[in-house]
Every structure is written in C-alpha cells, then in structure tokens.
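Shown next: my_file_14.txt, containing compact mmCIF, C-alpha atoms.
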# COMPACT_ATOMS: atom_id res chain seq x y z
CA MET K 13 -19.55 -17.25 -20.05
CA SER K 14 -21.67 -17.02 -16.90
CA GLU K 15 -24.79 -15.06 -16.08
CA ARG K 16 -24.14 -11.98 -13.99
CA ARG K 17 -25.54 -12.52 -10.49
CA PRO K 18 -24.54 -9.64 -8.21
CA GLU K 19 -26.17 -11.32 -5.22
CA LEU K 20 -23.41 -13.97 -5.20
CA ARG K 21 -21.02 -13.98 -2.27
CA ILE K 22 -17.51 -12.56 -2.65
CA GLY K 23 -14.17 -13.44 -1.05
CA ASP K 24 -11.00 -11.66 0.06
CA ARG K 25 -9.68 -11.62 -3.53
CA GLU K 26 -12.58 -9.43 -4.70
CA ARG K 27 -12.36 -7.18 -1.62
CA ASP K 28 -8.60 -6.70 -2.15
CA ALA K 29 -9.10 -5.82 -5.83
CA VAL K 30 -11.67 -3.14 -4.98
CA ALA K 31 -9.46 -1.78 -2.18
CA SER K 32 -6.59 -1.41 -4.67
CA ALA K 33 -8.89 0.35 -7.16
CA LEU K 34 -10.07 2.79 -4.47
CA GLN K 35 -6.48 3.62 -3.50
CA ASP K 36 -5.62 4.26 -7.16
CA ALA K 37 -8.69 6.50 -7.47
CA MET K 38 -7.51 8.60 -4.53
CA ALA K 39 -4.00 8.84 -6.00
CA GLU K 40 -5.57 10.08 -9.26
CA GLY K 41 -7.60 12.73 -7.41
CA ARG K 42 -10.98 11.07 -8.05
CA LEU K 43 -11.62 10.47 -4.35
CA THR K 44 -10.66 12.38 -1.22
CA MET K 45 -8.84 10.54 1.52
CA GLU K 46 -12.00 10.58 3.65
CA GLU K 47 -14.08 9.12 0.80
CA MET K 48 -11.48 6.43 0.17
CA GLN K 49 -11.31 5.42 3.82
CA GLU K 50 -15.10 5.32 4.10
CA ARG K 51 -15.31 3.07 1.04
CA LEU K 52 -12.42 0.89 2.22
CA ASP K 53 -14.30 0.25 5.45
CA ALA K 54 -17.38 -0.67 3.43
CA ALA K 55 -15.32 -2.96 1.16
CA LEU K 56 -14.01 -4.87 4.16
CA GLN K 57 -17.61 -5.41 5.31
CA ALA K 58 -18.96 -6.28 1.84
CA ARG K 59 -20.57 -9.67 1.40
CA THR K 60 -21.80 -9.72 -2.21
CA TYR K 61 -20.79 -8.44 -5.65
CA ALA K 62 -23.64 -5.93 -5.39
CA ASP K 63 -22.05 -4.44 -2.26
CA LEU K 64 -18.75 -3.91 -4.10
CA ASP K 65 -20.40 -2.65 -7.30
CA ALA K 66 -21.92 0.24 -5.34
CA LEU K 67 -18.50 1.35 -4.07
CA VAL K 68 -17.06 1.90 -7.58
CA ALA K 69 -20.24 2.89 -9.44
CA ASP K 70 -19.00 6.47 -9.97
CA LEU K 71 -15.45 5.46 -10.97
CA PRO K 72 -14.28 4.70 -14.55
CA ILE K 73 -13.73 0.98 -13.96
CA ASP K 74 -15.77 -2.14 -14.58
CA PRO K 75 -17.95 -3.22 -11.66
CA PRO K 76 -16.64 -6.30 -9.84
CA SER K 77 -19.71 -8.28 -10.92
CA ALA K 78 -18.59 -7.87 -14.56
CA ALA K 79 -16.10 -10.67 -13.87
CA LEU K 80 -19.06 -13.05 -13.69
CA THR K 81 -19.84 -12.51 -17.37
CA SER K 82 -16.26 -12.14 -18.63
CA PRO K 83 -14.32 -14.98 -20.24
CA ARG K 84 -11.91 -16.56 -17.80
CA THR K 85 -8.33 -15.37 -18.19
CA SER K 86 -5.58 -17.90 -18.82
CA ASP K 87 -3.38 -16.10 -16.29
CA PRO K 88 -4.74 -16.65 -12.77
CA ARG K 89 -2.45 -13.91 -11.39
CA LEU K 90 -4.69 -11.29 -13.01
CA LEU K 91 -7.56 -12.45 -10.81
CA ARG K 92 -5.62 -11.78 -7.60
CA ALA K 93 -4.62 -8.54 -5.97
CA PRO K 94 -1.00 -7.71 -6.95
CA GLY K 95 1.81 -8.54 -4.57
CA SER K 96 0.97 -12.16 -3.79
CA SER K 97 4.07 -13.52 -5.54
CA VAL K 98 7.54 -12.42 -6.59
CA GLU K 99 6.45 -12.64 -10.25
CA ASP K 100 3.47 -10.33 -9.67
CA ARG K 101 4.59 -7.58 -7.29
CA LEU K 102 2.54 -4.56 -6.25
CA VAL K 103 4.20 -1.83 -8.35
CA LEU K 104 4.50 1.80 -7.22
CA ASP K 105 6.16 3.72 -10.05
CA ALA K 106 6.50 7.50 -9.69
CA GLY K 107 7.41 8.22 -13.31
CA TRP K 108 7.68 12.01 -13.61
CA SER K 109 5.17 12.60 -10.84
CA SER K 110 4.49 11.21 -7.36
CA VAL K 111 2.82 8.12 -5.92
CA THR K 112 1.49 7.79 -2.37
CA ARG K 113 -0.03 4.92 -0.45
CA GLU K 114 -1.42 5.90 2.92
CA GLY K 115 -4.41 5.45 5.17
CA ARG K 116 -5.88 2.00 5.77
CA TRP K 117 -4.51 -0.44 3.26
CA GLU K 118 -3.04 -3.91 3.08
CA ILE K 119 0.63 -4.23 2.17
CA PRO K 120 1.30 -7.49 0.31
CA PRO K 121 4.39 -9.69 0.70
CA PHE K 122 6.01 -8.50 -2.55
CA VAL K 123 6.38 -4.84 -3.60
CA ARG K 124 8.38 -2.97 -6.25
CA VAL K 125 9.08 0.74 -5.70
CA ASN K 126 10.47 2.87 -8.54
CA GLY K 127 11.39 6.46 -7.73
CA ALA K 128 12.04 7.26 -11.42
CA VAL K 129 12.40 11.08 -11.48
CA GLY K 130 9.54 11.69 -9.08
CA SER K 131 8.73 10.63 -5.54
CA VAL K 132 7.15 7.65 -3.82
CA ARG K 133 5.73 7.73 -0.29
CA LEU K 134 4.83 4.41 1.29
CA ASP K 135 2.96 5.25 4.51
CA CYS K 136 2.41 2.08 6.56
CA LEU K 137 1.21 3.76 9.76
CA GLN K 138 -2.33 2.41 9.30
CA ALA K 139 -1.42 -0.49 7.03
CA THR K 140 -1.99 -4.17 7.70
CA ALA K 141 0.79 -6.53 6.65
CA ARG K 142 -0.17 -9.79 4.96
CA SER K 143 3.20 -11.35 5.80
CA ASP K 144 5.81 -11.22 8.58
CA VAL K 145 8.43 -10.38 5.93
CA ILE K 146 7.77 -7.78 3.21
CA ASP K 147 10.08 -8.12 0.19
CA ILE K 148 10.57 -4.66 -1.36
CA GLU K 149 12.47 -4.36 -4.63
CA VAL K 150 13.85 -0.82 -4.94
CA ILE K 151 14.67 1.01 -8.18
CA GLY K 152 15.87 4.43 -7.12
CA ASN K 153 16.79 6.04 -10.47
CA ALA K 154 16.81 9.79 -9.72
CA GLY K 155 13.73 9.93 -7.51
CA SER K 156 13.06 10.04 -3.78
CA ILE K 157 11.44 7.25 -1.77
CA THR K 158 10.06 7.62 1.75
CA ILE K 159 8.78 4.68 3.76
CA VAL K 160 7.03 5.45 7.06
CA VAL K 161 6.43 2.54 9.43
CA PRO K 162 4.87 1.96 12.88
CA GLN K 163 7.08 1.88 15.97
CA ASP K 164 7.38 -1.90 16.14
CA TRP K 165 8.15 -2.45 12.42
CA SER K 166 11.74 -2.85 11.25
CA ALA K 167 13.75 -2.64 8.04
CA ASN K 168 16.84 -4.33 6.66
CA LEU K 169 18.81 -2.48 3.95
CA ASP K 170 21.79 -4.84 3.76
CA ARG K 171 20.87 -5.94 0.22
CA LEU K 172 20.24 -2.41 -1.08
CA SER K 173 23.04 -0.71 -3.05
CA ALA K 174 23.23 3.08 -2.56
CA GLY K 175 25.20 3.67 -5.80
CA TRP K 176 25.51 7.41 -6.36
CA GLY K 177 22.45 8.04 -4.24
CA SER K 178 21.64 7.54 -0.57
CA ALA K 179 19.74 4.97 1.48
CA LYS K 180 19.10 5.45 5.17
CA SER K 181 17.06 3.60 7.78
CA LYS K 182 16.08 5.29 11.05
CA VAL K 183 14.30 2.22 12.39
CA ALA K 184 15.47 -1.00 14.01
CA ALA K 185 16.96 -3.74 11.81
CA GLN K 186 15.48 -6.51 13.98
CA PRO K 187 11.69 -6.80 14.29
CA SER K 188 9.72 -6.85 17.51
CA ARG K 189 7.89 -10.07 18.27
CA GLY K 190 5.06 -10.53 15.78
CA ALA K 191 5.84 -7.31 13.86
CA PRO K 192 6.74 -7.17 10.15
CA LEU K 193 10.25 -6.86 8.76
CA LEU K 194 10.82 -4.94 5.52
CA VAL K 195 13.65 -6.41 3.47
CA LEU K 196 14.79 -3.90 0.85
CA HIS K 197 17.03 -4.85 -2.07
CA GLY K 198 18.00 -3.35 -5.42
CA ALA K 199 19.91 -0.18 -6.32
CA MET K 200 19.32 3.50 -5.61
CA GLY K 201 21.06 4.89 -8.71
CA TRP K 202 21.04 8.66 -8.18
CA GLY K 203 18.01 8.60 -5.93
CA SER K 204 17.41 8.80 -2.20
CA LEU K 205 15.56 6.56 0.23
CA VAL K 206 14.69 6.87 3.89
CA VAL K 207 12.81 4.48 6.17
CA ARG K 208 11.54 6.14 9.34
CA HIS K 209 8.87 6.23 11.99
CA ALA K 210 6.15 8.88 12.19
CA ASN K 211 7.39 12.40 12.73
CA TRP K 212 5.60 15.44 14.15
CA PHE K 213 3.87 16.22 10.85
CA ASP K 214 2.58 12.66 10.47
CA ARG K 215 1.27 12.60 14.03
CA ARG K 216 -0.45 15.95 13.64
CA ARG K 217 -2.14 14.84 10.39
CA LEU K 218 -3.43 11.65 11.97
CA ARG K 219 -4.45 13.41 15.18
CA LYS K 220 -6.74 15.64 13.11
CA GLN K 221 -8.42 12.42 11.93
CA GLY K 222 -8.83 11.25 15.51
CA ILE K 223 -6.00 8.70 15.25
CA LEU K 224 -3.40 8.59 18.03
CA LEU K 225 -0.13 6.73 17.48
CA ASP K 226 2.10 5.15 20.10
CA PRO K 227 4.56 7.73 21.50
CA PRO K 228 7.94 7.87 19.75
CA ARG K 229 10.85 6.07 21.37
CA ARG K 230 13.13 9.04 20.78
CA PRO K 231 12.65 12.64 19.61
CA GLU K 232 12.30 13.16 15.87
CA LEU K 233 13.36 16.40 14.20
CA GLY K 234 11.19 16.96 11.15
CA ARG K 235 10.61 14.94 8.02

What would you get if you wrote out this structure as structure tokens?
Amino acid sequence: MSERRPELRIGDRERDAVASALQDAMAEGRLTMEEMQERLDAALQARTYADLDALVADLPIDPPSAALTSPRTSDPRLLRAPGSSVEDRLVLDAGWSSVTREGRWEIPPFVRVNGAVGSVRLDCLQATARSDVIDIEVIGNAGSITIVVPQDWSANLDRLSAGWGSAKSKVAAQPSRGAPLLVLHGAMGWGSLVVRHANWFDRRRLRKQGILLDPPRRPELGR
C-alpha cells in the first residue's frame, strides 16, 4: 500500500476515468451540461492527482488520488477506462429509463448499447474517436437507440439483425478519408435503431452553445 501523494503526475488513463465519471454524473442529474463540459476541459488539462481530485470533490465518488493508497487490483482492466478491449466494453444500458452521451467525450473502440425498455442516445457530434473503427454491439430488446454522428463519419449495419424491430442508417456506409467507421452488430429484438447526422434540432441546440457544425449534405426533416 502506497502513501497518497496528490502532487504526483497523472496519465491519460486517470484523465479518461475522471471524464467517464463526470459524464455519468451529468446523466444522473448531479451536474449540468455546462458544468460537465467545463470540468471535462479541466480534466484534459490536468497534470496531477490533485488537479483531478478537485474536479470530483463534490461528487459521491472516491478521489482519483485514493488509488495511490488502495491495494492493487488483480484485474488490470479495472484500472483502465472501459471500452479498450472487446472483453471490457463501454456499456450504455437504458434499463427502464434513458441514457445519453453527448457533448465533448471520447468514444472508445468497443461499445455495447442496450435499449432494454428505455432509450439510448449516443451523440458523437463533439466526440473524439480513439480508433478508426468503432465496434458497437447492439442489444435492442424493446427500446429505442439513436446514434448521431458528424458529416464525415459512416456506419455499417450489415451484421445487425433487425428481428421484429427496425434498424436504419441515414449515413454513408463507407468512411471518408481519416474518419471513423461504426460497425454495428447484434440483434434489435423488438426495438428500433437509427444512425443519422445532425438535424435542425441538434444544430439549434449546439448553435446556442456557440458551436457551428458543417452544413448538411442534404436537407433533413426532423428527428
């Protein structure tokens, strides 16, 4: 067991873990979107454990520096942000409610989305992709799943079974040079899924935040 030294330098693993915690806090209603984005910016600029500790001091989680005095886990995956491997995907499970990821966030290479009987919204308009190919395992159940991507992103649904539900992509199947490709696979069950670019509502919301997106390639009629 080590002595806690918050002045020690951190790495991307610690920044990613705090970013994930901040996004969860916003989804739980503990932070506003503006507060989360402000703290995400600070997390990206953080250099020490003390910098990260301050960003979660008012949230019901252990400070990042607590890891310095905790026994080392036998499972190294628990020390990394989820989504780095197929065995440890980032999981977005709606349950009976709704789950949303939006704003500035980092989408990992491996994701699992479960609509359950609720709704999942994966907004990638301000996201940064950690890989050229994003593997998304889809479990539709009876829920609804919406994935919103930038103009140059693409999606392939060839490995996704619609079942009794529906799965639709309104974006290109082939990626632009240097842009990510989402590869979706799994089964929709009774649920519904749509992959699309930003619509009028998305653009208006971001415009109010001072964020202008590239113009659409073709007119879009609602959500």

Legend entry - Atomic separation - atom CA of Glu118 of chain K relative to atom CA of Ala29 of chain K, Å: 10.9 Å

Legend entry - Residue nearest Glu26 of chain K among K:Leu172, K:Met38, K:Met45, K:Ala55 (counting only C-alpha atoms): K:Ala55

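Using all atoms listed in the file, the nearest neighbour of Gln57 of chain K within the list K:Gly41, K:Gly201, K:Gly23, K:Pro75 is K:Gly23.
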
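Straight-line separation from atom CA of Trp117 of chain K to atom CA of Met200 of chain K: 25.7 Å.
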
Restrict the calculation to only C-alpha atoms, then for each residue of segment 131-218 of chain K with any atom at most 7 Å from an atom of segment 112-115 of chain K give the closest atom pair and their distance in Å to one decimal, rows by chain and rising residue number, as a Markdown table.
| residue | atom | partner | partner_atom | distance |
| --- | --- | --- | --- | --- |
| K:Val132 | CA | K:Thr112 | CA | 5.8 |
| K:Arg133 | CA | K:Thr112 | CA | 4.7 |
| K:Leu134 | CA | K:Arg113 | CA | 5.2 |
| K:Asp135 | CA | K:Glu114 | CA | 4.7 |
| K:Cys136 | CA | K:Glu114 | CA | 6.5 |
| K:Gln138 | CA | K:Gly115 | CA | 5.5 |
| K:Ala139 | CA | K:Gly115 | CA | 6.9 |

Anything within 10 Å of (15.6, 4.6, -6.2): list those residues as a short mmCIF file (atom, residue, chain, number, x, y, z; two decimals) with C-alpha atoms, keeping the file's coordinate frame, counting all atoms listed in the file and sticking to the file's coordinates.
data_model
loop_
_atom_site.label_atom_id
_atom_site.label_comp_id
_atom_site.auth_asym_id
_atom_site.auth_seq_id
_atom_site.Cartn_x
_atom_site.Cartn_y
_atom_site.Cartn_z
CA VAL K 125 9.08 0.74 -5.70
CA ASN K 126 10.47 2.87 -8.54
CA GLY K 127 11.39 6.46 -7.73
CA ALA K 128 12.04 7.26 -11.42
CA VAL K 129 12.40 11.08 -11.48
CA GLY K 130 9.54 11.69 -9.08
CA SER K 131 8.73 10.63 -5.54
CA VAL K 132 7.15 7.65 -3.82
CA GLU K 149 12.47 -4.36 -4.63
CA VAL K 150 13.85 -0.82 -4.94
CA ILE K 151 14.67 1.01 -8.18
CA GLY K 152 15.87 4.43 -7.12
CA ASN K 153 16.79 6.04 -10.47
CA ALA K 154 16.81 9.79 -9.72
CA GLY K 155 13.73 9.93 -7.51
CA SER K 156 13.06 10.04 -3.78
CA ILE K 157 11.44 7.25 -1.77
CA LEU K 172 20.24 -2.41 -1.08
CA SER K 173 23.04 -0.71 -3.05
CA ALA K 174 23.23 3.08 -2.56
CA GLY K 175 25.20 3.67 -5.80
CA GLY K 177 22.45 8.04 -4.24
CA SER K 178 21.64 7.54 -0.57
CA ALA K 179 19.74 4.97 1.48
CA GLY K 198 18.00 -3.35 -5.42
CA ALA K 199 19.91 -0.18 -6.32
CA MET K 200 19.32 3.50 -5.61
CA GLY K 201 21.06 4.89 -8.71
CA TRP K 202 21.04 8.66 -8.18
CA GLY K 203 18.01 8.60 -5.93
CA SER K 204 17.41 8.80 -2.20
CA LEU K 205 15.56 6.56 0.23
#

Which centre and edge lengths in Å to one decimal define the box along x, y and z that fits every listed atom of segment 208-222 of chain K plus 3 Å per side, as lines of an AutoDock Vina configuration file?
center_x = 1.4
center_y = 11.2
center_z = 12.4
size_x = 26.4
size_y = 16.1
size_z = 12.2

Inset, instruction - Could you tell me how far atom CA of Pro18 of chain K lies from atom CA of Gln35 of chain K, in Å and to one decimal? - result: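 A separation of 22.9 Å between them.
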
Inset, instruction - Find the residues around Ala33 of chain K up to 10 Å (all atoms listed in the file counted), leave out those fewer than 3 positions away in its own chain, and share them as a list in words. - result: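 So, after excluding close chain neighbours, the residues are Arg27, Asp28, Ala29, Val30, Asp36, Ala37, Met38, Ala39, Met48, Val68, Leu71, Ile73 and Ala93 of chain K.
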
Inset, instruction - Find the residue from K:Ser143, K:Gln49, K:Ser188, K:Ser181 that sits nearest to Gln163 of chain K; use all atoms listed in the file when measuring. - result: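 Of all the options, K:Ser188 lies closest to Gln163 of chain K.
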